[in-house]
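Enquirer: Structure provided below as structure tokens; questions to follow.
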Amino acid sequence: MYTRIKDLREDRDLTQSDMAKILHCTQQAYSNYELGLRDIPTNILIALADFHNTTTDYILGRTNKK
């Protein structure tokens with residue numbers, strides 16, 4: 001899951017700071033999500049899926065279909 005959110009971010013040429021602003025969190029918090037050091041809250045997971053036009057199942061690794 002953590003690799004997927006990083007890959008989705010990089011596919012859009014966004015920095016961690018960019019994503020943090022979009023998600024209304026700190027860059028450190030977002031970095032911890034990508035590194036797997038912090039669980040992704042449900043509201044952030046949903047916001048990530050909506051922003052990247054994908055599903056939460058894709059981000060969670062339950063499917064490979066974006």
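Here's how to read the names in the structure tokens: chain A, B, ... by the order shown, residue numbers from 1 in each chain, ligand numbers from 1 in the order shown.
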Would you kindly return, as a ChimeraX atom specification, each protein, DNA or RNA residue with an atom no farther than 12 Å from any atom of A:Tyr2, considering only C-alpha atoms and excluding same-chain residues fewer than 5 positions away?

Expert: /A:7-9,30-40,45,48,58-61

Enquirer: Based on the selection just made, write C-alpha atoms of those residues as an mmCIF file, in the first residue's frame.

Expert:
data_model
loop_
_atom_site.group_PDB
_atom_site.id
_atom_site.type_symbol
_atom_site.label_atom_id
_atom_site.label_comp_id
_atom_site.auth_asym_id
_atom_site.auth_seq_id
_atom_site.Cartn_x
_atom_site.Cartn_y
_atom_site.Cartn_z
ATOM 1 C CA ASP A 7 3.917 5.726 -7.091
ATOM 2 C CA LEU A 8 0.595 7.526 -7.553
ATOM 3 C CA ARG A 9 2.130 10.748 -6.232
ATOM 4 C CA TYR A 30 2.522 12.254 4.738
ATOM 5 C CA SER A 31 6.099 10.965 4.594
ATOM 6 C CA ASN A 32 5.279 8.594 7.444
ATOM 7 C CA TYR A 33 2.299 7.266 5.449
ATOM 8 C CA GLU A 34 4.546 6.520 2.469
ATOM 9 C CA LEU A 35 7.180 4.887 4.650
ATOM 10 C CA GLY A 36 4.639 2.773 6.497
ATOM 11 C CA LEU A 37 5.608 4.310 9.822
ATOM 12 C CA ARG A 38 2.089 5.569 10.434
ATOM 13 C CA ASP A 39 -1.259 4.015 9.570
ATOM 14 C CA ILE A 40 -3.248 5.985 7.033
ATOM 15 C CA LEU A 45 -7.229 7.039 2.457
ATOM 16 C CA LEU A 48 -6.091 9.860 -1.668
ATOM 17 C CA TYR A 58 -6.267 -0.386 -5.216
ATOM 18 C CA ILE A 59 -4.354 1.662 -2.651
ATOM 19 C CA LEU A 60 -4.744 -1.090 -0.065
ATOM 20 C CA GLY A 61 -3.459 -3.705 -2.511
#

Enquirer: Just asking: which residues within chain A are alpha helix (DSSP H) according to DSSP, as number ranges by chain?

Expert: A: 2-11, 16-23, 27-35, 42-51, 56-60

Enquirer: Taking 2 positions as the minimum chain separation for residues in the same chain, which residues sit within 12 Å of A:Thr56 when counting only C-alpha atoms? Answer as a list in words.

Expert: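 Contacts, in chain order: Met1, Arg4, Ile5, Ile40, Pro41, Thr42, Asn43, Ile44, Leu45, Ile46, Ala47, Leu48, Ala49, Asp50, Phe51, His52, Asn53, Thr54, Tyr58, Ile59, Leu60, Gly61, Arg62, Thr63, Asn64, Lys65 and Lys66 of chain A.
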
Enquirer: To one decimal in Å, tell me the separation between atom CA of A:Thr15 and atom CA of A:Thr3.

Expert: 14.5 Å
